[in-house]
Every structure is written in structure tokens, then in C-alpha cells.
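Shown next, in C-alpha cells, is the structure this report addresses.
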Number of protein chains: 2
Amino acid sequence: MVNAVEDCVASESDDTSQGRSPPATPVAGVTARSMEKRTERSFEGRLLSRLLTFLGDPALEFVLWTGESVRPAIVAEPVAQLRIADRTALYGLLADPQVSFGESYSQGRIGVDGDLVGVLEAVYRASTTAKRRFSVLRRGVEMMRRRRVNTLHGSRDNIHHHYDIGNKFYSLWLGRTMAYTCAYYPTSTTSLDDAQVAKMDHVCRKMRLKPGESVVEAGCGWGSLAIHMAQHYGVKVRAFNISKEQVAFARERAQREGLGSSVEFVLDDYRNITGKYDAFVSVGMLEHVGVENYPTLGRVVSQCLGNVGRGLIHSIGRNFPAQMHPWIEKRIFPGAHPPSLAEMMQIFEPWNLSILDVENIRLHYARTLRHWLDLYEGASDKVAEMFDEKFVRMWRLYLAGSIAGFTTGTLQLFQVLFAPGHSNDVPMTRDYMYAR
Amino acid sequence: MVNAVEDCVASESDDTSQGRSPPATPVAGVTARSMEKRTERSFEGRLLSRLLTFLGDPALEFVLWTGESVRPAIVAEPVAQLRIADRTALYGLLADPQVSFGESYSQGRIGVDGDLVGVLEAVYRASTTAKRRFSVLRRGVEMMRRRRVNTLHGSRDNIHHHYDIGNKFYSLWLGRTMAYTCAYYPTSTTSLDDAQVAKMDHVCRKMRLKPGESVVEAGCGWGSLAIHMAQHYGVKVRAFNISKEQVAFARERAQREGLGSSVEFVLDDYRNITGKYDAFVSVGMLEHVGVENYPTLGRVVSQCLGNVGRGLIHSIGRNFPAQMHPWIEKRIFPGAHPPSLAEMMQIFEPWNLSILDVENIRLHYARTLRHWLDLYEGASDKVAEMFDEKFVRMWRLYLAGSIAGFTTGTLQLFQVLFAPGHSNDVPMTRDYMYAR
């Protein structure tokens with residue numbers, strides 16, 4: 001078994017970093033034959049065929065360890081070829097396709113000849129046309145999954161799982177800013193680093209920060225935004241985060257920049273924020289809050305601002321409520337949930353916080369992730385040294401899957417600007433955001 | 001009784017059209033005395049005092065028909081003086097302040113010395129600080145009110161009630177465009193007519209209309225936007241409306257402009273829209289749809305657009321779900337309901353429609369309404385001739401109350417831009433909206 005897996009890993013050619021590759025050459029003869037003469041298909045081939053119907057006929061070709069090839073009857077040109085190395089991988093897919101695909105891909109039991117992002121886009125696109133009658137079954141499976149909760153303690157564990165695996169690891173592929181959130185590309189040629197700075201400016205401009213003002217930030221990552229706000233907008237920042245590694249990194253960075261007196265990094269949960277501020281900002285934390293805690297977050301925001309000021313929450317979201325991809329939830333982001341806008345409103349509506357502006361920049365996240373994945377692939381040898389090959393594949397799948405999520409519209413990126421409901425200190429037009 | 005009422009009407013000085021007037025001179029001696037020596041207050045005075053506590057102590061002074069003056073103990077400088085002409089008016093207020101204020105004001109049983117908008121702003125501002133313990137009681141009263149439903153037949157009645165009272169009446173105060181929705185003021189000196197045109201351009205620009213495209217409009221009023229789109233953006237428009245008077249007016253207008261072949265006005269309900277279009281637009285109809293019909297509206301939108309195109313819905317809204325003001329619902333807009341954003345999402349989320357952009361321009365509606373009220377006051381003699389004095393006061397109260405709603409943040413104005421969830425024909429940035 002181990003040999004089979006290693007063979008599989010050795011022979012495949014995931015080329016996500018090279019952009020979209022042409023579709024893998026289909027083994028036309030075999031496929032055509034297996035379509036025409038259904039009786040010749042093996043038991044496993046028939047099971048796989050059923051699975052593809054269940055998945056909404058994605059434009060993919062699967063090849064079993066026996067060499068037998070299966071693809072949906074309606075698919076003329078598959079995006080890529082997926083090789084299933086053994087029975088364990090096949091039966092795993094049949095039992096729980098979403099989680100097992102991730103597990104088997106990480107272990108190398110499933111190999112991809114072609115563009116991994118293209119594969120995942122095909123799966124996401126097909127899933128929306130998957131037969132309605134399966135949705136009840138799916139919902140049942142969803143309900144049974146154990147999700148990680150976001151109590152004060154649970155959040156600490158969940159955040160530790162993802163953000164404390166090593167600053168050195170993240171520095172290999174996040175770029176100079178170490179901003180681990182969607183960038184903003186003013187032009188199609190903007191670089192990753194420039195786009196991250198442009199995102200920070202876009203956020204600061206939306207909030208109309210003025211020198212001398214105070215800002216509280218919930219979930220500050222490695223501190224790039226907090227430092228940028230202090231450095232370029234002359235504001236005082238208190239930034240909260242429960243990741244020890246990130247806070248240590250951010251503090252050192254602020255010291256190095258000579259901003260020790262204007263930026264304070266606090267190793268604590270957003271629920272423990274106190275004090276009054278001119279602005280509240282949170283970029284990329286909401287995904288980890290959990291809908292059940294949105295009214296609590298809204299209370300914190302409301303107490304921070306009182307009857308004046310403004311705030312901005314930047315978060316991955318959805319067009320409609322849906323569970324986090326279960327494999328991502330299990331291996332990458334325990335306790336995470338990208339909300340729909342209606343769900344997000346549970347932060348604001350109980351506290352009479354007024355939505356001034358919502359911008360959806362999901363295609364910017366697809367581009368950001370492309371840049372990250374390119375850097376990641378370039379550093380994959382180093383990642384393998386730090387961890388192992390399985391880890392390399394796991395994170396490749398996560399990054400590629402995220403690109404596919406944003407390009408297919410399975411995921412959104414919302415920037416929500418708001419102010420206390422009684423405040424009339426709101427601009428008449430958005431010209432101020434776009435004035436040069 | 002009739003004399004008392006007429007006296008009251010004759011002597012008052014509502015000067016809403018003159019902007020905010022200085023607070024009415026309080027009858028200081030009487031007020032101070034009534035505060036200090038509570039035992040001297042009449043039974044009615046004590047009841048009124050209780051009512052003011054219930055209302056959250058608005059900055060108002062009430063004067064009873066006996067000359068007795070009552071104002072909240074915490075109010076030093078009332079915004080205006082309200083004269084209650086008789087016991088009927090007082091007991092009405094005590095029984096159901098929201099509806100009775102409107103009724104008694106219209107009948108002249110309540111007079112206002114001072115700025116009517118200021119009075120209503122004071123009431124709205126106070127209501128948010130009104131004691132929580134009353135909210136259960138209030139909710140009970142709300143529940144008992146009979147609302148007008150928006151079935152196909154019910155909507156026709158509801159729309160007829162408001163929009164078919166006479167094109168000539170509306171032409172007295174809506175300005176040249178006859179647009180009866182929030183305008184958009186690029187600068188503080190933009191005129192009403194220019195701001196209405198700017199609003200139409202703002203909407204068209206957001207939708208990126210291109211010559212030759214097709215647009216369906218749900219709820220087209222007197223046709224200004226439909227005609228503007230055809231005239232200035234070269235699109236073909238089908239515009240739906242169930243108000244006979246408005247459709248007749250709009251058709252004549254299109255003929256006059258020589259646009260008979262590019263704009264079609266259809267006297268029918270939005271639920272009966274069929275066909276495919278490049279864009280869906282609805283400006284100021286959603287308020288009349290009713291939350292229970294939002295998924296139906298979403299289905300119509302989704303069918304009109306398929307997997308491509310884009311849409312915009314412009315509507316009065318709320319920071320949180322709340323019933324329509326019951327007097328407005330009873331006398332002005334039967335069946336109307338301005339939704340919160342979470343409520344609005346019931347249009348989009350069931351159909352995987354993706355929100356691209358939300359803009360809240362509530363202060364523009366306050367300014368629009370100020371312009372309308374000024375024109376209305378200037379034409380009030382003509383309105384009185386067309387209807388009667390009661391009608392004049394009723395509509396004055398409605399316009400003034402709407403201004404107060406938008407200035408105090410009780411009401412919002414949302415423009416929501418959206419596209420089918422699978423469409424990647426979405427702009428990266430909003431620069432295109434603001435490029436000159």
C-alpha cells in the first residue's frame with residue numbers, strides 16, 4: 001500500500017503554479033468503451049460512475065488502479081485526470097467524498113494529472129447542478145459532523161491549530177507584508193505586496209481615519225494593518241489577537257518600526273475588548289467567530305463606538321448560509337464559518353448599527369490566493385523539510401480549493417462599513433474613497 | 001368642538017418649509033410650577049406626563065386646552081410647543097400615541113408651534129431611549145394591528161390607494177422628473193431635478209448598461225428611469241407597474257419623447273414578469289412587496305437574469321426589522337414595509353444571487369424630502385382646493401415625518417447591486433462608478 005501511494009505521488013504532475021494547463025489527454029478508447037458497453041464496467045467502476053452522478057457530473061476523468069477509466073457521459077473534454085491509487089481511496093470517496101478527497105489527496109492516494117485548481121472548480125461548478133434529491137442526504141451528513149465550537153477556550157485551540165504552526169512557514173509564501181487576508185488589486189498588474197498595501201489603504205480610506213484618532217482592531221494577524229494605520233494615518237491602535245506566535249511577531253515588528261508607543265498588541269480575545277475608540281476594524285477574523293457569537297461581537301463593537309465613530313469588518317462570506325467545507329474545517333480551519341450577509345447582519349441589527357457600505361471583492365481573493373500558491377509551490381521543498389510531503393499536499397489543496405471557491409462564487413469576500421445608527425457623521429457620497 | 005379645532009388650526013404656525021425654527025418660547029413659569037408642585041397638576045396633566053415618560057422624554061412641551069403646560073423634567077429647551085385642543089385628542093394619544101398623533105394632527109386637534117420636522121425628530125430620538133419595559137407592551141399593540149396584505153389583489157388596492165390619487169397632485173411638488181424616490185446629490189448645492197437625474201445615472205452606471213441591452217424594471221412610477229435609460233443608455237426597457245394613472249402618464253411621456261419603440265410600459269404585477277433580460281432594476285418598489293413575497297421576487301429576478309447579467313434594487317430600509325409606522329401604514333402607505341438588510345437578503349439568498357455592492361444614502365432622502373416639502377408647502381393652497389385642509393395636514397405630516405425618519409436614522413435608503421452567483425462578469429473595483 002505504501003509503495004502504491006509513493007508511486008502515485010512520484011508520478012503525478014500537479015502544476016497549479018504554472019497556471020491553467022490544457023486538459024489532460026483523455027484515454028479516449030477506454031472511456032468510450034466504458035460508456036458504450038456498460039456491462040463491461042467493473043463493480044468499482046459502476047460505483048464511481050454513481051458517485052459522479054451524485055456530484056453533478058463534474059468535467060473530470062477518473063482512472064482506477066486497474067487502469068479502468070470513468071467519466072460522466074455528458075463530459076466530452078475533462079479538465080484533468082484523477083488517478084485513484086487503491087480501494088481505500090475509492091471507498092473513502094464513496095462514503096464521504098468531501099472529507100475523503102482531501103485525506104486521500106494529502107496522502108497521495110489520489111493523484112491529479114492537470115490543473116488542481118481546475119479540478120476543484122469543476123467539482124464546485126458541478127455541485128450546484130447536483131440533483132436536488134441528494135441535498136437532503138447531504139444535509140443529514142452535514143448535521144452529523146462535529147464542529148469545533150468557539151467558546152473562549154475553543155477559539156484559542158482553533159486559532160492555535162492554524163496560526164501557530166510557525167511564522168517562518170507563513171513567511172515563505174505570504175509576501176513581505178505578512179498580511180494573510182484578501183488583497184486589493186487596483187490594476188491587473190499590481191503585485192501581491194502592493195495589493196496588500198492597497199487593501200490596507202482601501203480599508204483606512206473607507207473608515208476616514210484622521211491623525212490622533214484611536215482604533216481598536218479585532219484579530220490583527222501579524223500586525224500589518226495595525227502598523228500601517230499608525231504609520232500612515234497617525235492613529236493610535238490597540239490590536240487584539242489570541243495567536244501567541246502572531247502577537248510576538250507583531251510586537252517585534254512594531255518595535256523595529258519605532259511604533260511601540262502608538263500600537264499596542266494585546267494577546268486576548270475580542271470578547272474582552274474594553275474602552276472607547278473612534279473606529280473598530282476587523283480584517284479576516286469573522287470567519288473564526290461563529291454565528292452564535294455574532295450578537296456578542298456586535299455588543300463589543302457597539303460599546304467600543306458608543307454613538308459616534310465607524311467600523312469595518314472584512315470577511316470571507318457566502319451567497320447563502322452553508323457549512324464550511326468539512327475537510328477544510330477538519331484539517332485547516334477548525335471552527336471556521338464564512339457567513340452569508342443575512343447571517344452577518346446578526347452582528348449589526350441587534351445593536352442598531354447602520355450598514356453604510358458593502359463591497360464584494362471575491363475575485364481579488366482568487367488573485368491573492370494565486371499569488372500565494374505560486375510562492376508556496378516555489379517553496380514547497382522548504383515546506384517539506386519543515387513538515388512532510390503530506391503537509392505540502394494538504395496545504396496545496398487548501399490554497400487551490402480556496403482559489404476555486406472564489407472563482408466559482410462558492411465563496412465571497414465582503415467588506416462591510418458601518419456606523420452607530422444615530423450618528424449622522426456619515427459621508428454623502430463615496431467620492432472620498434476614490435479621490436486621489 | 002369644531003370651533004376649538006378651527007381655532008387651533010387658525011392660530012398655529014407650522015413652518016417646516018422655512019427650515020428649523022428656534023425653539024418655541026416655553027411658558028417657563030407654568031412649566032416650572034407644574035414640575036415643582038406636582039400636586040397642582042390636573043388629572044389630565046398627570047396622564048400626559050406619564051405619556052411623555054413612556055415616549056422616552058422627547059424634547060417637547062405640550063399645552064392642554066386649559067393652558068396647563070407639561071414637559072419632561074429633563075427637558076430644558078423644548079424644540080417646539082404642541083397644543084392639544086381637547087380631551088378627545090389627549091385620550092387618543094394616551095390610547096395609541098402613534099396613530100392618534102397623526103389623526104389628531106390631520107384634524108387640527110393637535111397644533112404645532114415650531115418646526116414640525118424638529119418635533120418628529122425629537123419623538124424618534126426619544127423613542128430609542130424609551131424604557132425597555134414598555135417594548136413588550138408596544139410589541140403587543142403592534143401585533144394586534146391589522147396590516148394590509150400584498151396578494152396580487154391586495155397589492156393593487158394598496159398601490160391604488162397611494163399612487164392613483166392624481167398625477168396633477170404629485171406634479172405640484174415632485175419636480176420636473178416626477179421621480180418619487182430618493183435623489184442623489186453629488187454636491188450640497190445640486191437642485192432636486194438635477195439630483196433626480198444624478199440618481200438615475202448613478203443607478204445606470206452601477207449596472208454598467210450598454211447600448212442594445214435589455215432591461216426590465218419592476219415598479220416604474222411615472223416612468224422617469226425607464227425613459228432615462230432608453231434615452232441616455234440606448235437600452236430597451238420593459239417597465240412594470242400596477243398603478244393605472246402612473247402607467248397612463250408614463251406611456252404618454254414616452255410617446256412624446258419619441259421612445260415608443262424602445263420603452264414598453266406594462267400594467268401588471270412584478271410577479272407576472274417573464275422573459276430574459278440583461279439587467280433587472282427596481283427603484284422604490286420593494287417597500288410595497290412585503291417580506292413574505294421576497295423569495296418570489298427573487299425567483300422572478302433569477303428567471304429574468306439566468307446565469308448572467310446584473311440587477312439593482314433601491315429601497316427604503318431599516319437598521320433592524322421593525323413594523324411600518326402604523327399611522328403611515330393606515331393613511332399613507334397601506335401594506336408597506338421598509339426591510340432591514342437581513343430581511344432583504346430573503347430576496348437573494350434562496351436563489352444564489354450574489355451581492356456585489358450595497359450603498360446607504362439615507363441623508364440624500366432627507367434632502368430630497370426637504371425639497372419636496374418646500375414645494376408642497378408652496379402649493380398647499382392648490383392641494384387644499386384639490387382635496388381639503390385635512391388632506392393638506394396629513395401629507396405635510398407624512399413628508400415631515402419621513403424627513404425625521406431619515407435624519408434620525410430610523411429609516412435607511414439601500415441601493416443593492418447584485419449578479420447571479422455563477423457570473424464572473426463582475427468588475428474588480430468600483431472605479432467605473434466614479435470615473436468621469
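Labels used: A, B, ... for chains in the order of the C-alpha cells, numbers from 1 for residues in each chain, and numbers from 1 for ligands as shown.
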Non-local contacts of segment 240-257 of chain A (8 Å; only C-alpha atoms; under 5 positions in same chain excluded) as an NGL selection string: :A and (156 or 159-160 or 163-164 or 166-167 or 216-224 or 227 or 263-270 or 273)
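Look at segment 284-289 of chain A: the protein and nucleic acid residues within 6 Å of it, using only C-alpha atoms and passing over chain neighbours fewer than 2 places away, are Thr181, Gly219, His314, Ser315, Ala336, His337 and Pro338 of chain A.
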Distance atom CA of Gly335 of chain A-atom CA of Ala322 of chain A, one decimal place?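 Atom CA of Gly335 of chain A sits 13.6 Å away from atom CA of Ala322 of chain A.
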Could you give me, as CSV, every chain B residue with an atom at most 9 Å from chain A, plus its closest atom pair and distance in Å to one decimal, counting only C-alpha atoms, rows ordered by chain then number?
```
residue,atom,partner,partner_atom,distance
B:Arg125,CA,A:His422,CA,8.2
B:Tyr184,CA,A:Thr429,CA,8.6
B:Tyr185,CA,A:Met428,CA,7.8
B:Pro186,CA,A:Thr429,CA,6.9
B:Thr187,CA,A:Met428,CA,8.6
B:Arg318,CA,A:Ser354,CA,8.3
B:Asn319,CA,A:Ser354,CA,5.4
B:Phe320,CA,A:Glu349,CA,4.7
B:Pro321,CA,A:Glu349,CA,7.9
B:Ser340,CA,A:Glu349,CA,8.0
B:Leu341,CA,A:Ala342,CA,7.1
B:Ala342,CA,A:Ala342,CA,4.3
B:Glu343,CA,A:Ala342,CA,7.5
B:Met344,CA,A:Ala342,CA,8.3
B:Met345,CA,A:Ala342,CA,5.8
B:Gln346,CA,A:Ala342,CA,8.1
B:Phe348,CA,A:Asn319,CA,7.8
B:Glu349,CA,A:Phe320,CA,4.7
B:Pro350,CA,A:Phe320,CA,6.9
B:Trp351,CA,A:Phe320,CA,8.4
B:Asn352,CA,A:Asn319,CA,5.6
B:Leu353,CA,A:Asn319,CA,6.5
B:Ser354,CA,A:Asn319,CA,5.4
B:Ile355,CA,A:Asn360,CA,6.9
B:Leu356,CA,A:Asn360,CA,4.9
B:Asp357,CA,A:Glu359,CA,4.8
B:Val358,CA,A:Val358,CA,4.7
B:Glu359,CA,A:Asp357,CA,4.8
B:Asn360,CA,A:Leu356,CA,4.9
B:Ile361,CA,A:Met428,CA,6.7
B:Arg362,CA,A:Met428,CA,8.6
B:Leu363,CA,A:Met428,CA,6.7
B:His364,CA,A:Met428,CA,7.0
B:Thr407,CA,A:Asn424,CA,7.4
B:Thr408,CA,A:His422,CA,6.1
B:Gly409,CA,A:His422,CA,5.7
B:Thr410,CA,A:Gly421,CA,8.0
B:Gln412,CA,A:Ser354,CA,8.3
B:Phe414,CA,A:Leu356,CA,8.6
B:Val416,CA,A:Val358,CA,8.9
B:Gly421,CA,A:Gly409,CA,5.8
B:His422,CA,A:Gly409,CA,5.7
B:Ser423,CA,A:Gly409,CA,7.7
B:Asn424,CA,A:Thr407,CA,7.4
B:Val426,CA,A:Leu363,CA,8.5
B:Pro427,CA,A:Leu363,CA,8.9
B:Met428,CA,A:Leu363,CA,6.7
B:Thr429,CA,A:Pro186,CA,6.9
B:Arg430,CA,A:Tyr434,CA,8.6
B:Asp431,CA,A:Tyr434,CA,7.1
B:Tyr434,CA,A:Asp431,CA,7.1
```
Show which residues sit within 10 Å of Leu60 of chain B, as an MDAnalysis selection string. Count only C-alpha atoms, and ignore same-chain residues fewer than 4 positions away. chainID B and resid 23:24 26 52 70:72 75:82 118:120 122:123
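If only C-alpha atoms are the atoms counted, then among B:Gly306, B:Leu55, B:Ala239, B:Tyr398 the closest residue to His325 of chain B is B:Tyr398.
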Using the chain letters and numbers from this document, which residues of segment 63-301 of chain B does DSSP assign to helix (DSSP H, G or I), as an MDAnalysis selection string? chainID B and resid 87:95 97:107 116:127 133:144 152:163 167:171 192:207 224:233 244:256 270:272 286:288 291:301
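Computed from the coordinates, the atom CA of Arg393 of chain A to atom CA of Tyr105 of chain A distance equals 7.1 Å.
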With only C-alpha atoms as the counted atoms, please give the residues lying no more than 8 Å from segment 203-208 of chain A, apart from itself and same-chain residues fewer than 5 positions off, as a list in words. Met229, Tyr233, Ala279, Arg310, Gly311, Leu312, Leu417, Tyr432 and Met433 of chain A
Only N, CA and C atoms, please: the residues just picked out, written as a JSON list (two decimals), in the first residue's frame.
```json
[["chain", "number", "residue", "atom", "x", "y", "z"],
["A", 229, "MET", "N", -1.74, 51.50, 9.81],
["A", 229, "MET", "CA", -2.63, 52.58, 10.26],
["A", 229, "MET", "C", -1.86, 53.60, 11.09],
["A", 233, "TYR", "N", -1.50, 56.81, 8.91],
["A", 233, "TYR", "CA", -2.71, 57.59, 9.20],
["A", 233, "TYR", "C", -2.64, 58.27, 10.56],
["A", 279, "ALA", "N", -12.74, 54.21, 15.93],
["A", 279, "ALA", "CA", -13.03, 53.24, 14.87],
["A", 279, "ALA", "C", -12.76, 51.81, 15.35],
["A", 310, "ARG", "N", -17.06, 54.83, 13.51],
["A", 310, "ARG", "CA", -17.43, 53.93, 12.41],
["A", 310, "ARG", "C", -16.56, 52.69, 12.50],
["A", 311, "GLY", "N", -16.96, 51.71, 11.74],
["A", 311, "GLY", "CA", -16.23, 50.44, 11.80],
["A", 311, "GLY", "C", -16.25, 49.74, 10.47],
["A", 312, "LEU", "N", -15.36, 48.77, 10.34],
["A", 312, "LEU", "CA", -15.30, 47.98, 9.12],
["A", 312, "LEU", "C", -14.98, 46.53, 9.47],
["A", 417, "LEU", "N", -18.87, 48.30, 5.88],
["A", 417, "LEU", "CA", -18.61, 49.55, 6.60],
["A", 417, "LEU", "C", -19.88, 49.94, 7.36],
["A", 432, "TYR", "N", -15.06, 60.23, -1.59],
["A", 432, "TYR", "CA", -13.87, 60.32, -0.73],
["A", 432, "TYR", "C", -13.02, 59.05, -0.78],
["A", 433, "MET", "N", -13.66, 57.91, -1.09],
["A", 433, "MET", "CA", -12.91, 56.65, -1.15],
["A", 433, "MET", "C", -12.06, 56.58, -2.40]]
```
Which of segment 296-331 of chain B DSSP labels strand (DSSP E), written as a PDB file with C-alpha atoms, in the first residue's frame:
```pdb
ATOM      1  CA  ARG B 310     -26.886  42.100 -13.049  1.00  0.00           C
ATOM      2  CA  GLY B 311     -29.528  43.888 -11.070  1.00  0.00           C
ATOM      3  CA  LEU B 312     -30.155  46.715  -8.680  1.00  0.00           C
ATOM      4  CA  ILE B 313     -32.817  47.155  -6.020  1.00  0.00           C
ATOM      5  CA  HIS B 314     -33.188  50.580  -4.404  1.00  0.00           C
ATOM      6  CA  SER B 315     -35.391  50.673  -1.334  1.00  0.00           C
ATOM      7  CA  ILE B 316     -36.114  52.377   1.936  1.00  0.00           C
ATOM      8  CA  GLY B 317     -34.847  50.139   4.715  1.00  0.00           C
TER       9      GLY B 317
END
```
State, in Å with one decimal place, the distance from atom CA of Gly108 of chain A to atom CA of Gly378 of chain A.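 These two atoms are separated by 19.7 Å.
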Considering only C-alpha atoms, state which residue in the set B:Leu192, B:Ala95, B:Ile403, B:Leu174 is at the smallest distance from Glu121 of chain B. B:Ile403
Please list as a list in words every residue within 7 Å of Ser214 of chain A, counting only C-alpha atoms and excluding residues in the same chain fewer than 4 positions away.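 Selected residues are Val235, Lys236, Val237, Tyr277, Asp278 and Ala279 of chain A.
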For those residues, write C-alpha atoms to a file as an mmCIF file, in the first residue's frame.
```cif
data_model
loop_
_atom_site.group_PDB
_atom_site.id
_atom_site.type_symbol
_atom_site.label_atom_id
_atom_site.label_comp_id
_atom_site.auth_asym_id
_atom_site.auth_seq_id
_atom_site.Cartn_x
_atom_site.Cartn_y
_atom_site.Cartn_z
ATOM 1 C CA VAL A 235 -3.773 56.904 14.660
ATOM 2 C CA LYS A 236 -3.303 55.070 17.960
ATOM 3 C CA VAL A 237 -4.072 51.380 17.658
ATOM 4 C CA TYR A 277 -12.453 54.193 20.195
ATOM 5 C CA ASP A 278 -13.085 56.294 17.109
ATOM 6 C CA ALA A 279 -13.030 53.236 14.870
#
```
